[in-house]
Amino acid sequence: MLEKPQVPWDGSFVDWVRSQVAGEGYWFQRMDLGPGLTTPGWSDPQAEKLPYFGLPERMQGMRVLDVGCAEGFFSFEAERRGAKEVIAIDVLPDSIRRFGICRSALAARATAYLCNVYDLGPKAFGTFDLVFFFGVLYHLRNPLLALERVFSVCAGTLLLQTATHEVAGAEQVPLARFHPSGIESGPPGSGLFDPTVFWLPNAECARAMTSHVGFEAIETVTSEAGLVLRAQSPRPAQGRPPDESKAPWS
């Protein structure tokens, strides 16, 4: 069992964390932050996703990127498994704020930035040994462009998870269904609607797009929790931080 970071879990700190968690109107990820304190998220990644998403058991020395981090479950899991550096990005300011609450509670080092996947590039972000791309692809108007940007910063392995839409009899044909107005989402029976779901690929389309942008050795990890693919950079190298001497902002 991997150990969690040691947290100064005294009374005043517990009260502060509890007040911060309670002050948020919405939580996506249910996360254990310490004794008797769990975020009220409607998705339980510990039970529903972690056993299926293909994370390496040990990540010692890895530089990891978590795209669409939400409250940071997978970022903190990578750190618990030994990652040297974890960079997380999300487009929602509320997600970054909640990430910060969890980061403080867990005494974590992972860092989250308000950033769009289309802004990724080695000049500003460097390269990564491992990239998490979980639950993002179908939220994008331009999924192929996003995969190109992910490819540009991946020097090792990509783990991609996506919801899919299969058409009977056409499983070997790369197809995607377009939802111009979004779909119902959230916990069963909630009546929630997500207007940001655009493209639902079938498994063959997801594999084809991943190959098209340049990834190799694409394999299916599972289809039990959505489709999870593992793919490799054709030019494997150690992930490296950006070279700040080359003015990445220019």
# chains A, B, ... in the order shown; residues from 1 in each chain; ligands from 1
call {"tool": "select_by_dssp", "arguments": {"residues": "region 10-168 of chain A", "states": "strand (DSSP E or B)", "output": "ChimeraX atom specification"}}
result
/A:29,32-34,37-38,43,63-67,85-90,111-114,128-134,154-162
call {"tool": "write_last_selection", "arguments": {"atoms": "C-alpha atoms", "output": "compact mmCIF listing (two decimals), in the first residue's frame"}}
result
# COMPACT_ATOMS: atom_id res chain seq x y z
CA GLN A 29 -14.28 13.89 -7.46
CA ASP A 32 -10.22 11.18 0.99
CA LEU A 33 -8.44 14.20 2.44
CA GLY A 34 -7.77 12.83 5.90
CA LEU A 37 -13.01 14.18 5.78
CA THR A 38 -14.08 13.22 2.27
CA SER A 43 -17.68 10.50 -8.98
CA ARG A 63 7.55 13.94 -14.87
CA VAL A 64 3.76 13.64 -15.18
CA LEU A 65 1.11 15.81 -16.86
CA ASP A 66 -2.55 15.56 -15.83
CA VAL A 67 -4.79 17.13 -18.50
CA GLU A 85 7.07 16.35 -10.67
CA VAL A 86 3.36 16.56 -11.45
CA ILE A 87 1.88 19.35 -13.54
CA ALA A 88 -1.91 19.57 -13.81
CA ILE A 89 -4.05 21.74 -16.06
CA ASP A 90 -7.75 22.52 -16.25
CA THR A 111 0.94 22.09 -9.19
CA ALA A 112 -2.21 23.04 -11.12
CA TYR A 113 -2.51 25.76 -13.76
CA LEU A 114 -5.52 27.36 -15.39
CA PHE A 128 6.65 14.50 -19.83
CA ASP A 129 7.36 10.84 -19.19
CA LEU A 130 3.66 10.16 -18.68
CA VAL A 131 0.54 12.07 -19.72
CA PHE A 132 -2.93 11.48 -18.25
CA PHE A 133 -5.71 12.46 -20.68
CA PHE A 134 -8.74 11.21 -18.79
CA CYS A 154 4.67 13.53 -24.47
CA ALA A 155 8.14 12.00 -24.49
CA GLY A 156 6.98 8.66 -23.13
CA THR A 157 3.53 7.18 -22.49
CA LEU A 158 0.02 8.51 -23.02
CA LEU A 159 -2.90 7.13 -21.02
CA LEU A 160 -6.18 8.21 -22.62
CA GLN A 161 -9.69 7.56 -21.35
CA THR A 162 -12.84 8.53 -23.19
call {"tool": "residues_around", "arguments": {"residues": "region 115-117 of chain A", "least_positions_apart": "3", "cutoff": "12 Å", "atoms": "only C-alpha atoms", "output": "number ranges by chain"}}
result
A: 65-69, 87-93, 95-96, 112, 120-121, 124-125, 131-133, 136-137, 139-153
call {"tool": "write_last_selection", "arguments": {"atoms": "N, CA and C atoms", "output": "mmCIF file, in the first residue's frame"}}
result
data_model
loop_
_atom_site.group_PDB
_atom_site.id
_atom_site.type_symbol
_atom_site.label_atom_id
_atom_site.label_comp_id
_atom_site.auth_asym_id
_atom_site.auth_seq_id
_atom_site.Cartn_x
_atom_site.Cartn_y
_atom_site.Cartn_z
ATOM 1 N N LEU A 65 2.078 14.769 -16.517
ATOM 2 C CA LEU A 65 1.113 15.813 -16.864
ATOM 3 C C LEU A 65 -0.290 15.238 -16.730
ATOM 4 N N ASP A 66 -1.156 15.956 -16.014
ATOM 5 C CA ASP A 66 -2.549 15.556 -15.827
ATOM 6 C C ASP A 66 -3.431 16.586 -16.526
ATOM 7 N N VAL A 67 -3.968 16.221 -17.690
ATOM 8 C CA VAL A 67 -4.791 17.128 -18.496
ATOM 9 C C VAL A 67 -6.249 16.992 -18.076
ATOM 10 N N GLY A 68 -6.880 18.107 -17.697
ATOM 11 C CA GLY A 68 -8.251 18.060 -17.207
ATOM 12 C C GLY A 68 -8.295 17.471 -15.813
ATOM 13 N N CYS A 69 -7.535 18.061 -14.918
ATOM 14 C CA CYS A 69 -7.252 17.464 -13.607
ATOM 15 C C CYS A 69 -8.437 17.459 -12.653
ATOM 16 N N ILE A 87 2.501 18.126 -13.058
ATOM 17 C CA ILE A 87 1.880 19.353 -13.539
ATOM 18 C C ILE A 87 0.460 19.013 -13.957
ATOM 19 N N ALA A 88 -0.504 19.796 -13.487
ATOM 20 C CA ALA A 88 -1.907 19.566 -13.810
ATOM 21 C C ALA A 88 -2.480 20.808 -14.472
ATOM 22 N N ILE A 89 -3.397 20.604 -15.417
ATOM 23 C CA ILE A 89 -4.054 21.744 -16.057
ATOM 24 C C ILE A 89 -5.551 21.497 -16.123
ATOM 25 N N ASP A 90 -6.314 22.586 -16.073
ATOM 26 C CA ASP A 90 -7.753 22.518 -16.251
ATOM 27 C C ASP A 90 -8.223 23.880 -16.741
ATOM 28 N N VAL A 91 -9.344 23.897 -17.464
ATOM 29 C CA VAL A 91 -9.852 25.161 -18.009
ATOM 30 C C VAL A 91 -10.813 25.859 -17.052
ATOM 31 N N LEU A 92 -11.204 25.205 -15.969
ATOM 32 C CA LEU A 92 -12.186 25.775 -15.060
ATOM 33 C C LEU A 92 -11.512 26.365 -13.825
ATOM 34 N N PRO A 93 -11.678 27.660 -13.580
ATOM 35 C CA PRO A 93 -11.099 28.261 -12.371
ATOM 36 C C PRO A 93 -11.563 27.573 -11.088
ATOM 37 N N SER A 95 -12.232 24.451 -10.641
ATOM 38 C CA SER A 95 -11.469 23.210 -10.467
ATOM 39 C C SER A 95 -10.088 23.495 -9.890
ATOM 40 N N ILE A 96 -9.447 24.532 -10.383
ATOM 41 C CA ILE A 96 -8.114 24.879 -9.878
ATOM 42 C C ILE A 96 -8.194 25.285 -8.415
ATOM 43 N N ALA A 112 -1.152 22.922 -10.121
ATOM 44 C CA ALA A 112 -2.209 23.036 -11.123
ATOM 45 C C ALA A 112 -2.213 24.433 -11.724
ATOM 46 N N LEU A 120 -0.891 23.716 -24.833
ATOM 47 C CA LEU A 120 0.263 22.896 -24.497
ATOM 48 C C LEU A 120 1.322 22.964 -25.588
ATOM 49 N N GLY A 121 2.576 22.959 -25.170
ATOM 50 C CA GLY A 121 3.698 22.922 -26.092
ATOM 51 C C GLY A 121 4.980 22.770 -25.304
ATOM 52 N N ALA A 124 6.801 25.965 -23.498
ATOM 53 C CA ALA A 124 6.295 26.500 -22.235
ATOM 54 C C ALA A 124 6.190 25.448 -21.133
ATOM 55 N N PHE A 125 5.948 24.184 -21.510
ATOM 56 C CA PHE A 125 5.683 23.153 -20.508
ATOM 57 C C PHE A 125 6.775 22.099 -20.408
ATOM 58 N N VAL A 131 1.631 11.099 -19.610
ATOM 59 C CA VAL A 131 0.537 12.068 -19.724
ATOM 60 C C VAL A 131 -0.782 11.365 -19.444
ATOM 61 N N PHE A 132 -1.558 11.918 -18.485
ATOM 62 C CA PHE A 132 -2.933 11.478 -18.251
ATOM 63 C C PHE A 132 -3.854 12.363 -19.088
ATOM 64 N N PHE A 133 -4.740 11.728 -19.856
ATOM 65 C CA PHE A 133 -5.711 12.462 -20.682
ATOM 66 C C PHE A 133 -7.055 11.781 -20.470
ATOM 67 N N VAL A 136 -11.492 13.836 -21.153
ATOM 68 C CA VAL A 136 -11.391 15.166 -21.762
ATOM 69 C C VAL A 136 -11.773 15.142 -23.239
ATOM 70 N N LEU A 137 -11.406 14.110 -23.954
ATOM 71 C CA LEU A 137 -11.511 14.094 -25.413
ATOM 72 C C LEU A 137 -12.908 14.459 -25.902
ATOM 73 N N HIS A 139 -15.100 16.261 -24.551
ATOM 74 C CA HIS A 139 -15.496 17.627 -24.201
ATOM 75 C C HIS A 139 -14.938 18.665 -25.178
ATOM 76 N N LEU A 140 -14.257 18.236 -26.204
ATOM 77 C CA LEU A 140 -13.509 19.161 -27.060
ATOM 78 C C LEU A 140 -14.155 19.308 -28.433
ATOM 79 N N ARG A 141 -14.267 20.567 -28.872
ATOM 80 C CA ARG A 141 -14.737 20.800 -30.234
ATOM 81 C C ARG A 141 -13.710 20.319 -31.258
ATOM 82 N N ASN A 142 -12.443 20.381 -30.885
ATOM 83 C CA ASN A 142 -11.360 20.026 -31.797
ATOM 84 C C ASN A 142 -10.471 18.938 -31.170
ATOM 85 N N PRO A 143 -10.984 17.724 -31.050
ATOM 86 C CA PRO A 143 -10.223 16.682 -30.359
ATOM 87 C C PRO A 143 -8.914 16.323 -31.055
ATOM 88 N N LEU A 144 -8.865 16.391 -32.363
ATOM 89 C CA LEU A 144 -7.630 16.041 -33.075
ATOM 90 C C LEU A 144 -6.539 17.063 -32.789
ATOM 91 N N LEU A 145 -6.897 18.347 -32.765
ATOM 92 C CA LEU A 145 -5.928 19.380 -32.428
ATOM 93 C C LEU A 145 -5.417 19.191 -31.007
ATOM 94 N N ALA A 146 -6.307 18.853 -30.092
ATOM 95 C CA ALA A 146 -5.892 18.620 -28.711
ATOM 96 C C ALA A 146 -4.900 17.465 -28.625
ATOM 97 N N LEU A 147 -5.166 16.390 -29.348
ATOM 98 C CA LEU A 147 -4.237 15.257 -29.336
ATOM 99 C C LEU A 147 -2.880 15.642 -29.922
ATOM 100 N N GLU A 148 -2.874 16.515 -30.916
ATOM 101 C CA GLU A 148 -1.604 16.989 -31.468
ATOM 102 C C GLU A 148 -0.806 17.746 -30.415
ATOM 103 N N ARG A 149 -1.491 18.568 -29.618
ATOM 104 C CA ARG A 149 -0.788 19.332 -28.582
ATOM 105 C C ARG A 149 -0.289 18.391 -27.476
ATOM 106 N N VAL A 150 -1.083 17.393 -27.127
ATOM 107 C CA VAL A 150 -0.635 16.415 -26.146
ATOM 108 C C VAL A 150 0.584 15.662 -26.670
ATOM 109 N N PHE A 151 0.542 15.272 -27.934
ATOM 110 C CA PHE A 151 1.672 14.565 -28.544
ATOM 111 C C PHE A 151 2.949 15.400 -28.467
ATOM 112 N N SER A 152 2.822 16.708 -28.622
ATOM 113 C CA SER A 152 3.999 17.579 -28.644
ATOM 114 C C SER A 152 4.748 17.609 -27.324
ATOM 115 N N VAL A 153 4.065 17.261 -26.214
ATOM 116 C CA VAL A 153 4.731 17.321 -24.908
ATOM 117 C C VAL A 153 4.951 15.940 -24.304
#
call {"tool": "residues_around", "arguments": {"residues": "Gly61 (chain A)", "least_positions_apart": "3", "cutoff": "10 Å", "atoms": "only C-alpha atoms", "output": "mmCIF file with N, CA and C atoms, in the first residue's frame"}}
result
data_model
loop_
_atom_site.group_PDB
_atom_site.id
_atom_site.type_symbol
_atom_site.label_atom_id
_atom_site.label_comp_id
_atom_site.auth_asym_id
_atom_site.auth_seq_id
_atom_site.Cartn_x
_atom_site.Cartn_y
_atom_site.Cartn_z
ATOM 1 N N ARG A 58 4.578 2.008 -9.964
ATOM 2 C CA ARG A 58 5.645 2.882 -9.461
ATOM 3 C C ARG A 58 5.976 3.927 -10.505
ATOM 4 N N VAL A 64 5.113 14.041 -14.806
ATOM 5 C CA VAL A 64 3.761 13.636 -15.181
ATOM 6 C C VAL A 64 2.906 14.863 -15.464
ATOM 7 N N ARG A 81 2.676 7.709 -5.925
ATOM 8 C CA ARG A 81 3.402 6.583 -6.532
ATOM 9 C C ARG A 81 4.841 6.936 -6.895
ATOM 10 N N GLY A 82 5.279 8.112 -6.484
ATOM 11 C CA GLY A 82 6.693 8.441 -6.608
ATOM 12 C C GLY A 82 7.069 9.407 -7.695
ATOM 13 N N ALA A 83 6.095 9.998 -8.413
ATOM 14 C CA ALA A 83 6.438 10.931 -9.488
ATOM 15 C C ALA A 83 7.294 12.077 -8.954
ATOM 16 N N LYS A 84 8.288 12.429 -9.722
ATOM 17 C CA LYS A 84 9.207 13.503 -9.326
ATOM 18 C C LYS A 84 8.554 14.864 -9.418
ATOM 19 N N GLU A 85 7.764 15.079 -10.466
ATOM 20 C CA GLU A 85 7.075 16.347 -10.672
ATOM 21 C C GLU A 85 5.740 16.063 -11.357
ATOM 22 N N ASP A 129 7.223 12.294 -19.077
ATOM 23 C CA ASP A 129 7.358 10.838 -19.191
ATOM 24 C C ASP A 129 6.010 10.155 -19.322
ATOM 25 N N GLN A 238 13.633 11.044 -21.827
ATOM 26 C CA GLN A 238 13.283 11.452 -20.470
ATOM 27 C C GLN A 238 12.536 12.785 -20.514
ATOM 28 N N GLY A 239 11.434 12.873 -19.761
ATOM 29 C CA GLY A 239 10.706 14.129 -19.668
ATOM 30 C C GLY A 239 11.557 15.209 -19.031
#
call {"tool": "residues_around", "arguments": {"residues": "region 21-23 of chain A", "least_positions_apart": "5", "cutoff": "8 Å", "atoms": "only C-alpha atoms", "output": "tab-separated table (two decimals) with N, CA and C atoms, in the first residue's frame"}}
result
chain	number	residue	atom	x	y	z
A	39	THR	N	-14.34	14.65	0.33
A	39	THR	CA	-15.05	15.64	-0.48
A	39	THR	C	-16.35	15.03	-1.00
A	98	ARG	N	-10.47	24.27	-6.18
A	98	ARG	CA	-10.69	23.05	-5.38
A	98	ARG	C	-9.43	22.18	-5.34
A	101	ILE	N	-7.35	23.42	-2.54
A	101	ILE	CA	-7.81	22.98	-1.22
A	101	ILE	C	-7.29	21.57	-0.93
call {"tool": "residues_around", "arguments": {"residues": "region 203-219 of chain A", "least_positions_apart": "2", "cutoff": "8 Å", "atoms": "only C-alpha atoms", "output": "ChimeraX atom specification"}}
result
/A:144,147-148,151,164-166,171-176,201,221,227,229-234
call {"tool": "closest_residue", "arguments": {"among": "A:Pro35, A:Pro242, A:Gly169, A:Tyr138", "to": "Pro195 (chain A)", "atoms": "only C-alpha atoms"}}
result
A:Tyr138
call {"tool": "atom_distance", "arguments": {"atom1": "CA of Arg109 (chain A)", "atom2": "CA of Val17 (chain A)"}}
result
17.0 Å
call {"tool": "closest_residue", "arguments": {"among": "A:Arg97, A:Val167, A:Met62, A:Ser104", "to": "Ala237 (chain A)", "atoms": "only C-alpha atoms"}}
result
A:Met62
call {"tool": "select_by_dssp", "arguments": {"residues": "region 18-234 of chain A", "states": "alpha helix (DSSP H)", "output": "VMD selection string"}}
result
chain A and resid 18 to 22 45 to 48 73 to 80 93 to 106 122 to 125 143 to 153 203 to 212
call {"tool": "write_last_selection", "arguments": {"atoms": "C-alpha atoms", "output": "PDB file, in the first residue's frame"}}
result
ATOM      1  CA  ARG A  18     -13.601  21.314   6.416  1.00  0.00           C
ATOM      2  CA  SER A  19     -14.746  24.912   5.983  1.00  0.00           C
ATOM      3  CA  GLN A  20     -13.061  25.175   2.579  1.00  0.00           C
ATOM      4  CA  VAL A  21     -14.648  21.945   1.374  1.00  0.00           C
ATOM      5  CA  ALA A  22     -18.073  22.967   2.660  1.00  0.00           C
ATOM      6  CA  PRO A  45     -12.307   7.690  -8.925  1.00  0.00           C
ATOM      7  CA  GLN A  46     -10.737   5.442  -6.275  1.00  0.00           C
ATOM      8  CA  ALA A  47     -13.304   2.711  -6.945  1.00  0.00           C
ATOM      9  CA  GLU A  48     -14.637   3.503 -10.402  1.00  0.00           C
ATOM     10  CA  PHE A  73      -7.211  12.858  -7.772  1.00  0.00           C
ATOM     11  CA  PHE A  74      -4.879  11.440 -10.418  1.00  0.00           C
ATOM     12  CA  SER A  75      -2.261  14.145  -9.886  1.00  0.00           C
ATOM     13  CA  PHE A  76      -2.025  13.287  -6.205  1.00  0.00           C
ATOM     14  CA  GLU A  77      -2.074   9.566  -6.974  1.00  0.00           C
ATOM     15  CA  ALA A  78       0.910  10.009  -9.308  1.00  0.00           C
ATOM     16  CA  GLU A  79       2.746  11.834  -6.543  1.00  0.00           C
ATOM     17  CA  ARG A  80       1.920   9.063  -4.062  1.00  0.00           C
ATOM     18  CA  PRO A  93     -11.099  28.261 -12.371  1.00  0.00           C
ATOM     19  CA  ASP A  94     -13.336  26.473  -9.838  1.00  0.00           C
ATOM     20  CA  SER A  95     -11.469  23.210 -10.467  1.00  0.00           C
ATOM     21  CA  ILE A  96      -8.114  24.879  -9.878  1.00  0.00           C
ATOM     22  CA  ARG A  97      -9.403  26.399  -6.632  1.00  0.00           C
ATOM     23  CA  ARG A  98     -10.686  23.051  -5.379  1.00  0.00           C
ATOM     24  CA  PHE A  99      -7.399  21.445  -6.463  1.00  0.00           C
ATOM     25  CA  GLY A 100      -5.658  23.961  -4.190  1.00  0.00           C
ATOM     26  CA  ILE A 101      -7.812  22.976  -1.225  1.00  0.00           C
ATOM     27  CA  CYS A 102      -6.971  19.289  -1.727  1.00  0.00           C
ATOM     28  CA  ARG A 103      -3.298  20.081  -2.311  1.00  0.00           C
ATOM     29  CA  SER A 104      -3.114  21.869   1.034  1.00  0.00           C
ATOM     30  CA  ALA A 105      -5.000  19.125   2.867  1.00  0.00           C
ATOM     31  CA  LEU A 106      -2.714  16.419   1.460  1.00  0.00           C
ATOM     32  CA  PRO A 122       7.238  21.898 -25.132  1.00  0.00           C
ATOM     33  CA  LYS A 123       8.493  25.483 -25.154  1.00  0.00           C
ATOM     34  CA  ALA A 124       6.295  26.500 -22.235  1.00  0.00           C
ATOM     35  CA  PHE A 125       5.683  23.153 -20.508  1.00  0.00           C
ATOM     36  CA  PRO A 143     -10.223  16.682 -30.359  1.00  0.00           C
ATOM     37  CA  LEU A 144      -7.630  16.041 -33.075  1.00  0.00           C
ATOM     38  CA  LEU A 145      -5.928  19.380 -32.428  1.00  0.00           C
ATOM     39  CA  ALA A 146      -5.892  18.620 -28.711  1.00  0.00           C
ATOM     40  CA  LEU A 147      -4.237  15.257 -29.336  1.00  0.00           C
ATOM     41  CA  GLU A 148      -1.604  16.989 -31.468  1.00  0.00           C
ATOM     42  CA  ARG A 149      -0.788  19.332 -28.582  1.00  0.00           C
ATOM     43  CA  VAL A 150      -0.635  16.415 -26.146  1.00  0.00           C
ATOM     44  CA  PHE A 151       1.672  14.565 -28.544  1.00  0.00           C
ATOM     45  CA  SER A 152       3.999  17.579 -28.644  1.00  0.00           C
ATOM     46  CA  VAL A 153       4.731  17.321 -24.908  1.00  0.00           C
ATOM     47  CA  ALA A 203     -13.068   2.788 -30.046  1.00  0.00           C
ATOM     48  CA  GLU A 204     -11.644   2.470 -33.559  1.00  0.00           C
ATOM     49  CA  CYS A 205     -11.910   6.239 -34.082  1.00  0.00           C
ATOM     50  CA  ALA A 206     -10.128   6.948 -30.800  1.00  0.00           C
ATOM     51  CA  ARG A 207      -7.321   4.600 -31.815  1.00  0.00           C
ATOM     52  CA  ALA A 208      -7.165   6.107 -35.312  1.00  0.00           C
ATOM     53  CA  MET A 209      -6.941   9.692 -34.018  1.00  0.00           C
ATOM     54  CA  THR A 210      -4.244   8.718 -31.541  1.00  0.00           C
ATOM     55  CA  SER A 211      -2.266   7.077 -34.347  1.00  0.00           C
ATOM     56  CA  HIS A 212      -2.884   9.961 -36.749  1.00  0.00           C
TER      57      HIS A 212
END
call {"tool": "atom_distance", "arguments": {"atom1": "CA of Gly186 (chain A)", "atom2": "CA of Ala70 (chain A)"}}
result
14.4 Å
call {"tool": "residues_around", "arguments": {"residues": "Pro40 (chain A)", "least_positions_apart": "6", "cutoff": "8 Å", "atoms": "only C-alpha atoms", "output": "MDAnalysis selection string"}}
result
chainID A and resid 27:31
call {"tool": "closest_residue", "arguments": {"among": "A:Tyr118, A:Trp199, A:Tyr52, A:Phe13", "to": "Ile183 (chain A)", "atoms": "only C-alpha atoms"}}
result
A:Trp199
call {"tool": "closest_residue", "arguments": {"among": "A:Gly135, A:Gly191, A:Gly182, A:Pro236", "to": "Lys49 (chain A)", "atoms": "only C-alpha atoms"}}
result
A:Gly135
